[in-house]
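Right, one structure below, let's go through it.
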Amino acid sequence: MFLPEPLLTPPYSPGEPLEPFLLPSVSRLRAFVSRSPQTEVSHSLPDLSAPIGFASPLSRVSDISRSSTPGAGKGAWRGYLKAEGEVFKWTVLQNAGNQLYGKRPSKAAIVLGASNLGSPTVLAANGLICVGTDAGRIFVFDFKQTLLGICGNDASASTVGSTSAVALSHDHTYLASGHVSGYIQIFDLKNPQVPARIVAPPSAQAIVSGRQEGHPTGSRIVNVSFVAGRHTAIISADENGLAFYHSLGKVLFVEASDTIRILGNYPQEPGHEGTTSIPALNAPGARSFRRRKPRNTLLAMATLPLGTVAHQTDAYQIVALLTTNKLVIVGLKPSPKTWLKRARPDDAELTSLGRRRGTLAWFPSINTPHGPKDDGSDKTHPTLAYSWGRSVRLLRVSETTVKQSMLNPRTGKTREMDMGTLVFEDAESWIVDDVVVALQWVNANQLLAVTATTLNVHDVRTSKLIEHVPFNASALVSPSLGSTTDGSMSYFDSLSDVAHSIRAYKGKIFLLCREELQVGTMLTWADKILSLVEQGDFLNAIDLTRSYYTGEAPGNRNGLPDAAQEQKAVLGQKLHELMVASASYAFSEDRMSDGTHASADGRGVDRTSLFEGLVTSCARSCITLDNYDFLFEDLFQHFEDAGITRIYLEQLETFVLEGIIDFVPPRITQRLVALHEDSGQPVLAERVIWHIDPSCLDINQAIRLCQTHQLWDALIYVYTRALQDYVAPIVELISLIRQPYIVPGNTSVPNGASVQRTASSLRHAYKIFPYLINVLSGQTYPSGELLPSDEAERAKHAVYDFIFNGTSTVWPSEGGQLILTGNDAEPTYPYARLLLRFDAELFLHSLDIAFEDSFLTDSPDISRLSIVKILLDVASCQDLPLSATIFINIFIARNIPKYPQYIRVEDIDSRVLYGLLVSLATSMDPETREDRQLAAEYLLSAYTPPDNSEIESIFERAGFYRILQNRRRHERQWTQLLSSYLLDPSLQGPSLLPFVEEVLDLSGSDNHGVLSEDMQSALSESLGHLLTLDLQSTATLVDKFAPSLHETALGIMDPTDDRQRYDYLLHLINSLVSDREDTTSPYPPYHPHISKPLRLLFVKLQCRYMPSGVIETLKRMRNDLDWPAIERICEENHAYGAVLWALDQRGQPRDALAKAEAFEKQLTQRIARAVVDLGASDGNVDESVNALREIGQRGTSICLEHSSTSATTAVPLEDIWFQLLSSQLHSVQVVSNLHLVAGAGGHRLKTMALSSLRDLVQNTFASLVTISSTRAVSFPRLFKRLVDPGLYADSTPGTPYTEFRTILTGMLESYRSDGDMLSISQKLLHRDVFDTVEEYTKEKMRGLSVPHLCSHCHQTLLQHERSGGTNRTDISITVTRSAIYHASCQH
């Protein structure tokens, strides 16, 4: 129902009541798609999520204030603002730094004997802090910055050079250092001045001869590491990509070193990139090594350190080596062996710098924090983190045992033994924003990835970035900076070589900077909170703690228990402590006098935002903890003691209105309601009332407020939810409805229009309908939440009993008063009757929704049938408005078939049903006609009236055509059905035609496929209407069912509108051709539906509207044409080409050309007159020239056709060509010899016409040349005849030679141009073909070069699958466009 303008709810503005209910625009009784009850009820509440008059966001004006937003939604976390998330706490090691970076001796002091300890270059920090210098010394500090010693002395320093790598043993007693000269030293920290062992670089001759292995002299050592827990076993690598294993033992107190090359080639040594056994040395050759850029630079190397718990992999003494294109893992025990070789993946995120930068780091085995893992082990597996460019990957290493048969060489017996083998498992991987320059393990779950600009901490369990801190890697020390002077390394690459300046140990991160030595600790959750508290920023501390409690805090969660329940216990206690401390601090006397309220101008600072933020933060925290004692007791008491409860209440109201907090103690609820009442905003108090749990309300205060200020939503909420009285709201709203009907002195109840109703009362009174919808559907008002089942049953029972009570009722039942509806004696069912008079449509709309509830099925006191009978009884009285009676009839008619098992037709008097059906049809309200028809259709689906003829006449008068169509279709009354379709106002467009066609089709099927005379007559009478709807569809319809009516249809059209007739016939003929024409036959079939007069009419109209299609039409209709009539029609309408074609089709080509000659003479004379006439326009000449062109083209076609098919005896070819050309030359001669006075305007028209006519003659001659092989035409004789002066004697006195020569010259020029173009094209084609063939020959001679190595494993293709000493021949190889590899490698 569309509401009248006074009833529409206006938008809210200050000072006006806010109406939350909007009436539905369309009720269920209308002929539209109905909405579900949930949809209807959802309109009873507006979106009130945005609070009105909420305080502005807080500003950061004190130590404990913070930025805030007014929203209090769940999960909102503002984040703490200190330094925008400080992650690390950095400390400068000043004592150690003073000794490392202190004042260095001058050159003079060094000459006099002072020691030069040098500048820092590399760092190791796994138990002790070891810093190597460029003077070959190593400083050793403990973590208290106490200098334990300086390794090295002046004598050794001059030999070994700058320190480029340093490592500390597992037990922190020995130290290894690598130097730029290739020397390696091992120091016993008990005697650090003298190295315990020195590994000197072998000479070139010793390396070449194979007598000794080691780093060549001058090769800078880039990595050095102790193997497991040993002191005399180390791994080293140099800048040339060579890696060695050094076992520094002693035999009979004599040093006996054993060095094994495990990766790389010497600078001039050919071969593969690495080996895992003692290499086969080359024969002696060159005496020195030439520096070159290595093919595979060793990017990183690390041995697996010992963990806090022993692991099976410790026995293998594993070493990981990373080059630019592969990862190699070698086990040194029980014998050197390569366990894994993995090529760099193609999807690695590489840049130009990333290709030269890679790093790796081991994390050893440790005990699991919570008992055994899934595999039954109580310790973790060692994990290797490695990176190429931006890509970081994890690899876990474990051991498994396999059964292997072993032969005892002494006994010859074989026995099975458990042999261990290493297993490598790929774990997580991720991409970093920039090239990774260093990797370090912070702890077992967190990995530090260092780039040139950031420090990134990743959680390896989830591969997520948990910390991201800006960082400047160029401030770190690069040990390779000295290599930039000789050009072996670029300065830019050297700046990124900072992996030796970053170390992590037990959660601490050590940085060796150019000016200082720093140590950093990643802040835990407690550190971050404590940092905020120390600054006095309690509110952000509370919010941060709450975010940790909810799991929304960004960053690491170090220091928190892993178990979720333990986490919540720790954080919950901390959160409560922070709230108590914040409140105590905010309201303390010291806080009030500590100067934070002062300002420079002495006016003070407003701290309102501080207290607002305190309430908001504590409220969110209490909601998270689900414990409101502090919020409602302690915090409120603080505000009340300080006299600023308004701030507290305004902030608390936000959470109440958003539905986050609904249970508020009554003493606070009273203060909150009184706050808005005292400020003159009762509408805000109403919203508070129906958002709070009813048990928290002061009933007397709420009812008094609602009645005083007409707050009906809140009043209904109090009655229903607090007092459990569901009838009282109806009584209150009925009092508003009946006020306009109770007029002093009235003796009858007016009919609605005679009494002026106030808009305010009406707006409030309409709330009764959404209230009924909610209550009778088992929902609360106005929120729409479901009521408890028992309470819902009681509410429905009470409401039904009251509304459908037969007499007036006393309410409340005890001590109440009689509820009347008017001045006079109360009628039966007074309350239902009053609601029907007030707005029958909305009342019945509410009942229609209530009918869907199961209460009416199970209730013994009231049912759907009893309600229908009550409505019939009320409607039988004549005291209701007509509209109310109409909607009652619609409601009943639609619900009888909807609930047939509850509202049975047998239980209602048939006379009543018949009267109901007649009433629906006889009500003459045009606005509800479609609604009444739909209701009648519903009723007829369950009830059959006794007298069909009478009811049909009633339906015809009512305009219920849809019902009539269904009935007449069922009774096969085709003529009447067609009439009902034509009269149906809902079918007044092209959509009517399909229904008409269906009726005609059904009618014909009943009469052996032929329409009866009645149907043809009905169709004939309706043609005028159908033609106005859709001309083409009507033509198809008539041709399909009644072709004899074509003339009738054409006669009905406007006599002056020939275009409409042409469109009608055009669609008809085209559709017939497309549907029936056999495309394989040269002659189309005969179309008997179109009579000869219609065919002639169509040809005549087409000559006028589309002359270019006339010949095509004649071809289609050639089997049944009156050719003389066609020729006459075409000639009268100037379709000259069609006339010539028709004569030629009749076998009269000479007559056709003669007719062409006559046409050309007429047109030529017309052109001559137009050129001479001073008032002629270009259009006249163009029209005549185009006609001559059409005649010439058609004549040429006739001559060409007979030249290729006719015998010379049948049609003399030379004569017909002569006849054609002579007539064209005659036209040229006539126009050319026109004499015009100088300055006349006809010169331009003459030139234009003469050019077109000459082109026409040239085209005709060109066509004649194409039949040069025909001997029937003699060109010399033909030309001689054409230039005969006697031929043109009667036209002009001029000679034809001039025009003939001009035409032939133009033809020859055209042929010459065509020849030149063909010659050029031929030369271009020959050159392109030659180039293509030459390229093809070269490619064919080149062939295909097949590589001999697998692109994946880099092994020989034919030796990859050898086993047991037998070379297999069934090797599968896969070849692609870009690679060739073993078939097994692709898996």
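We label chains A, B, ... in the order they appear in the structure tokens, count residues from 1 in each chain, and number ligands from 1 in the order shown.
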Please provide the set of residues having any atom within 12 Å of Glu1047 (chain A), restricted to only C-alpha atoms, with same-chain residues fewer than 5 positions apart removed, written as an mmCIF file with N, CA and C atoms, in the first residue's frame.
data_model
loop_
_atom_site.group_PDB
_atom_site.id
_atom_site.type_symbol
_atom_site.label_atom_id
_atom_site.label_comp_id
_atom_site.auth_asym_id
_atom_site.auth_seq_id
_atom_site.Cartn_x
_atom_site.Cartn_y
_atom_site.Cartn_z
ATOM 1 N N SER A 1020 -10.049 -11.716 -39.219
ATOM 2 C CA SER A 1020 -10.179 -10.612 -40.170
ATOM 3 C C SER A 1020 -10.546 -9.318 -39.448
ATOM 4 N N LEU A 1023 -7.434 -7.780 -37.688
ATOM 5 C CA LEU A 1023 -6.221 -7.509 -38.436
ATOM 6 C C LEU A 1023 -5.735 -6.077 -38.259
ATOM 7 N N ALA A 1035 1.964 -10.405 -40.752
ATOM 8 C CA ALA A 1035 2.051 -10.967 -42.107
ATOM 9 C C ALA A 1035 2.356 -12.457 -42.056
ATOM 10 N N VAL A 1038 -0.815 -14.327 -40.782
ATOM 11 C CA VAL A 1038 -1.868 -14.464 -41.804
ATOM 12 C C VAL A 1038 -1.473 -15.485 -42.861
ATOM 13 N N ASP A 1039 -0.240 -15.447 -43.304
ATOM 14 C CA ASP A 1039 0.203 -16.389 -44.329
ATOM 15 C C ASP A 1039 0.167 -17.826 -43.833
ATOM 16 N N ALA A 1042 -4.268 -18.070 -42.626
ATOM 17 C CA ALA A 1042 -5.340 -17.614 -43.523
ATOM 18 C C ALA A 1042 -4.744 -16.790 -44.649
ATOM 19 N N ILE A 1052 -6.896 -2.941 -45.558
ATOM 20 C CA ILE A 1052 -7.141 -2.229 -44.301
ATOM 21 C C ILE A 1052 -6.154 -1.084 -44.116
ATOM 22 N N MET A 1053 -4.975 -1.212 -44.716
ATOM 23 C CA MET A 1053 -3.938 -0.200 -44.524
ATOM 24 C C MET A 1053 -4.342 1.121 -45.159
ATOM 25 N N ARG A 1061 2.597 -1.213 -47.275
ATOM 26 C CA ARG A 1061 2.256 -2.382 -48.095
ATOM 27 C C ARG A 1061 3.519 -3.067 -48.609
ATOM 28 N N TYR A 1064 5.110 -5.072 -45.833
ATOM 29 C CA TYR A 1064 4.300 -6.281 -45.593
ATOM 30 C C TYR A 1064 4.654 -7.367 -46.607
ATOM 31 N N LEU A 1065 4.612 -7.005 -47.908
ATOM 32 C CA LEU A 1065 4.885 -7.995 -48.959
ATOM 33 C C LEU A 1065 6.352 -8.411 -48.963
ATOM 34 N N HIS A 1089 0.632 -19.105 -51.974
ATOM 35 C CA HIS A 1089 -0.062 -18.207 -51.057
ATOM 36 C C HIS A 1089 -0.120 -16.788 -51.566
ATOM 37 N N ILE A 1090 0.775 -16.433 -52.485
ATOM 38 C CA ILE A 1090 0.830 -15.054 -52.971
ATOM 39 C C ILE A 1090 0.232 -15.037 -54.371
ATOM 40 N N SER A 1091 -0.859 -14.337 -54.514
ATOM 41 C CA SER A 1091 -1.561 -14.299 -55.800
ATOM 42 C C SER A 1091 -0.796 -13.440 -56.808
ATOM 43 N N LYS A 1092 -1.169 -13.597 -58.080
ATOM 44 C CA LYS A 1092 -0.517 -12.832 -59.132
ATOM 45 C C LYS A 1092 -0.685 -11.333 -58.960
ATOM 46 N N PRO A 1093 -1.876 -10.848 -58.632
ATOM 47 C CA PRO A 1093 -1.976 -9.387 -58.409
ATOM 48 C C PRO A 1093 -1.040 -8.890 -57.312
ATOM 49 N N LEU A 1094 -0.893 -9.697 -56.270
ATOM 50 C CA LEU A 1094 0.019 -9.278 -55.198
ATOM 51 C C LEU A 1094 1.455 -9.278 -55.677
ATOM 52 N N ARG A 1095 1.802 -10.233 -56.543
ATOM 53 C CA ARG A 1095 3.159 -10.263 -57.071
ATOM 54 C C ARG A 1095 3.435 -9.020 -57.908
ATOM 55 N N LEU A 1097 1.898 -6.208 -57.693
ATOM 56 C CA LEU A 1097 1.914 -5.056 -56.801
ATOM 57 C C LEU A 1097 3.274 -4.932 -56.116
#
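Around Cys1199 (chain A), within 9 Å and counting only C-alpha atoms, the residues found are Pro1149, Arg1194, Gly1195, Thr1196, Ser1197, Glu1201, His1202, Ser1203, Ser1204, Leu1213, Ile1216, Trp1217, Leu1220 and Leu1264 of chain A, once anything fewer than 2 positions away on its own chain is removed.
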From a backbone DSSP assignment, name each residue in region 419-487 of chain A labelled strand (DSSP E or B), as a PyMOL selection string. chain A and resi 419-431+438-443+446-450+454-459+464-470+476
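The residue set within 6 Å of Ala942 (chain A), counting only C-alpha atoms and dropping same-chain residues fewer than 2 places from it, reads Pro897, Leu939 and Leu940 of chain A.
We find CA of Leu684 (chain A) and CA of Ile668 (chain A) to be spaced 15.7 Å apart.
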Would you list the contacts of region 85-101 of chain A as a PyMOL selection string, taking every protein, DNA or RNA residue within 6 Å and counting only C-alpha atoms, but skipping same-chain residues closer than 4 positions in sequence? chain A and resi 145+516-523
Just the selected residues (all heavy atoms), exported as a PDB file, in the first residue's frame, please.
ATOM      1  N   GLN A 145      81.526  -7.465  28.411  1.00  0.00           N
ATOM      2  CA  GLN A 145      82.440  -6.554  27.718  1.00  0.00           C
ATOM      3  C   GLN A 145      83.841  -6.550  28.337  1.00  0.00           C
ATOM      4  O   GLN A 145      84.596  -5.600  28.174  1.00  0.00           O
ATOM      5  CB  GLN A 145      81.892  -5.122  27.680  1.00  0.00           C
ATOM      6  CG  GLN A 145      80.508  -4.996  27.072  1.00  0.00           C
ATOM      7  CD  GLN A 145      80.066  -3.561  26.947  1.00  0.00           C
ATOM      8  OE1 GLN A 145      80.755  -2.744  26.337  1.00  0.00           O
ATOM      9  NE2 GLN A 145      78.917  -3.255  27.553  1.00  0.00           N
ATOM     10  N   GLU A 516      80.672   1.590  15.840  1.00  0.00           N
ATOM     11  CA  GLU A 516      80.317   1.069  17.149  1.00  0.00           C
ATOM     12  C   GLU A 516      79.882  -0.379  17.040  1.00  0.00           C
ATOM     13  O   GLU A 516      79.557  -0.869  15.950  1.00  0.00           O
ATOM     14  CB  GLU A 516      79.195   1.906  17.779  1.00  0.00           C
ATOM     15  CG  GLU A 516      77.927   1.938  16.938  1.00  0.00           C
ATOM     16  CD  GLU A 516      76.907   2.946  17.448  1.00  0.00           C
ATOM     17  OE1 GLU A 516      77.262   3.704  18.371  1.00  0.00           O
ATOM     18  OE2 GLU A 516      75.781   2.969  16.935  1.00  0.00           O
ATOM     19  N   LEU A 517      79.878  -1.041  18.166  1.00  0.00           N
ATOM     20  CA  LEU A 517      79.423  -2.422  18.288  1.00  0.00           C
ATOM     21  C   LEU A 517      78.117  -2.415  19.074  1.00  0.00           C
ATOM     22  O   LEU A 517      78.082  -1.883  20.198  1.00  0.00           O
ATOM     23  CB  LEU A 517      80.485  -3.264  19.004  1.00  0.00           C
ATOM     24  CG  LEU A 517      80.149  -4.741  19.235  1.00  0.00           C
ATOM     25  CD1 LEU A 517      79.977  -5.477  17.914  1.00  0.00           C
ATOM     26  CD2 LEU A 517      81.235  -5.415  20.075  1.00  0.00           C
ATOM     27  N   GLN A 518      77.057  -2.976  18.493  1.00  0.00           N
ATOM     28  CA  GLN A 518      75.735  -2.929  19.111  1.00  0.00           C
ATOM     29  C   GLN A 518      75.230  -4.339  19.360  1.00  0.00           C
ATOM     30  O   GLN A 518      75.584  -5.292  18.654  1.00  0.00           O
ATOM     31  CB  GLN A 518      74.727  -2.197  18.219  1.00  0.00           C
ATOM     32  CG  GLN A 518      75.001  -0.728  18.012  1.00  0.00           C
ATOM     33  CD  GLN A 518      73.888  -0.061  17.208  1.00  0.00           C
ATOM     34  OE1 GLN A 518      72.859  -0.657  16.954  1.00  0.00           O
ATOM     35  NE2 GLN A 518      74.116   1.189  16.836  1.00  0.00           N
ATOM     36  N   VAL A 519      74.359  -4.439  20.360  1.00  0.00           N
ATOM     37  CA  VAL A 519      73.632  -5.672  20.619  1.00  0.00           C
ATOM     38  C   VAL A 519      72.161  -5.309  20.781  1.00  0.00           C
ATOM     39  O   VAL A 519      71.825  -4.305  21.415  1.00  0.00           O
ATOM     40  CB  VAL A 519      74.172  -6.397  21.876  1.00  0.00           C
ATOM     41  CG1 VAL A 519      74.035  -5.534  23.108  1.00  0.00           C
ATOM     42  CG2 VAL A 519      73.432  -7.720  22.082  1.00  0.00           C
ATOM     43  N   GLY A 520      71.305  -6.102  20.172  1.00  0.00           N
ATOM     44  CA  GLY A 520      69.869  -5.825  20.216  1.00  0.00           C
ATOM     45  C   GLY A 520      69.089  -7.023  20.696  1.00  0.00           C
ATOM     46  O   GLY A 520      69.461  -8.170  20.449  1.00  0.00           O
ATOM     47  N   THR A 521      68.007  -6.737  21.377  1.00  0.00           N
ATOM     48  CA  THR A 521      67.101  -7.773  21.864  1.00  0.00           C
ATOM     49  C   THR A 521      65.703  -7.469  21.342  1.00  0.00           C
ATOM     50  O   THR A 521      65.236  -6.322  21.444  1.00  0.00           O
ATOM     51  CB  THR A 521      67.084  -7.810  23.396  1.00  0.00           C
ATOM     52  OG1 THR A 521      68.411  -8.012  23.868  1.00  0.00           O
ATOM     53  CG2 THR A 521      66.207  -8.941  23.894  1.00  0.00           C
ATOM     54  N   MET A 522      65.070  -8.471  20.770  1.00  0.00           N
ATOM     55  CA  MET A 522      63.717  -8.271  20.260  1.00  0.00           C
ATOM     56  C   MET A 522      62.750  -8.166  21.437  1.00  0.00           C
ATOM     57  O   MET A 522      62.733  -9.016  22.332  1.00  0.00           O
ATOM     58  CB  MET A 522      63.312  -9.437  19.345  1.00  0.00           C
ATOM     59  CG  MET A 522      62.038  -9.166  18.577  1.00  0.00           C
ATOM     60  SD  MET A 522      61.857 -10.221  17.123  1.00  0.00           S
ATOM     61  CE  MET A 522      61.922 -11.838  17.879  1.00  0.00           C
ATOM     62  N   LEU A 523      61.984  -7.078  21.451  1.00  0.00           N
ATOM     63  CA  LEU A 523      61.085  -6.817  22.568  1.00  0.00           C
ATOM     64  C   LEU A 523      59.977  -7.859  22.618  1.00  0.00           C
ATOM     65  O   LEU A 523      59.375  -8.210  21.599  1.00  0.00           O
ATOM     66  CB  LEU A 523      60.466  -5.425  22.437  1.00  0.00           C
ATOM     67  CG  LEU A 523      61.436  -4.246  22.513  1.00  0.00           C
ATOM     68  CD1 LEU A 523      60.672  -2.948  22.359  1.00  0.00           C
ATOM     69  CD2 LEU A 523      62.219  -4.260  23.800  1.00  0.00           C
TER      70      LEU A 523
END
If you count only C-alpha atoms, which residues fall within 9 Å of region 637-642 of chain A, apart from same-chain ones fewer than 5 positions away, as a PyMOL selection string? chain A and resi 583-584+587+611+632+647-648
Write a file of the just-selected residues containing C-alpha atoms, as a compact mmCIF listing (two decimals), in the first residue's frame.
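Saved to part.txt:
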# COMPACT_ATOMS: atom_id res chain seq x y z
CA ALA A 583 42.09 4.54 36.89
CA SER A 584 44.12 5.15 40.03
CA PHE A 587 42.04 10.19 39.42
CA PHE A 611 38.63 10.38 30.75
CA PHE A 632 30.36 -0.87 36.62
CA ILE A 647 31.59 11.58 30.51
CA TYR A 648 31.27 8.02 31.74
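Contact shell of region 1177-1190 of chain A at 8 Å (only C-alpha atoms; same-chain neighbours under 5 positions omitted): Tyr1136, Gly1137, Glu1160, Leu1163, Thr1164, Arg1166, Ile1167, Ala1170, Val1171, Leu1245, Ala1249, Ser1252, Leu1253 and Leu1256 of chain A.
Between Arg461 (chain A) and the residues A:Leu117, A:Leu447, A:Leu1250, A:Leu697, the shortest atom-to-atom distance, using only C-alpha atoms, involves A:Leu447.
Interatomic distance, CA of Val912 (chain A) against CA of Cys877 (chain A): 13.6 Å.
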Using DSSP secondary structure from the backbone, list all alpha helix (DSSP H) positions within region 369-502 of chain A, as a VMD selection string. chain A and resid 491 to 495
What does the distance between CA of Phe887 (chain A) and CA of Leu844 (chain A) come to in Å, to one decimal place? 7.5 Å
Residue among A:Trp1123, A:Tyr961, A:Tyr1336, A:Trp430 lying closest to Arg393 (chain A), counting only C-alpha atoms: A:Trp430
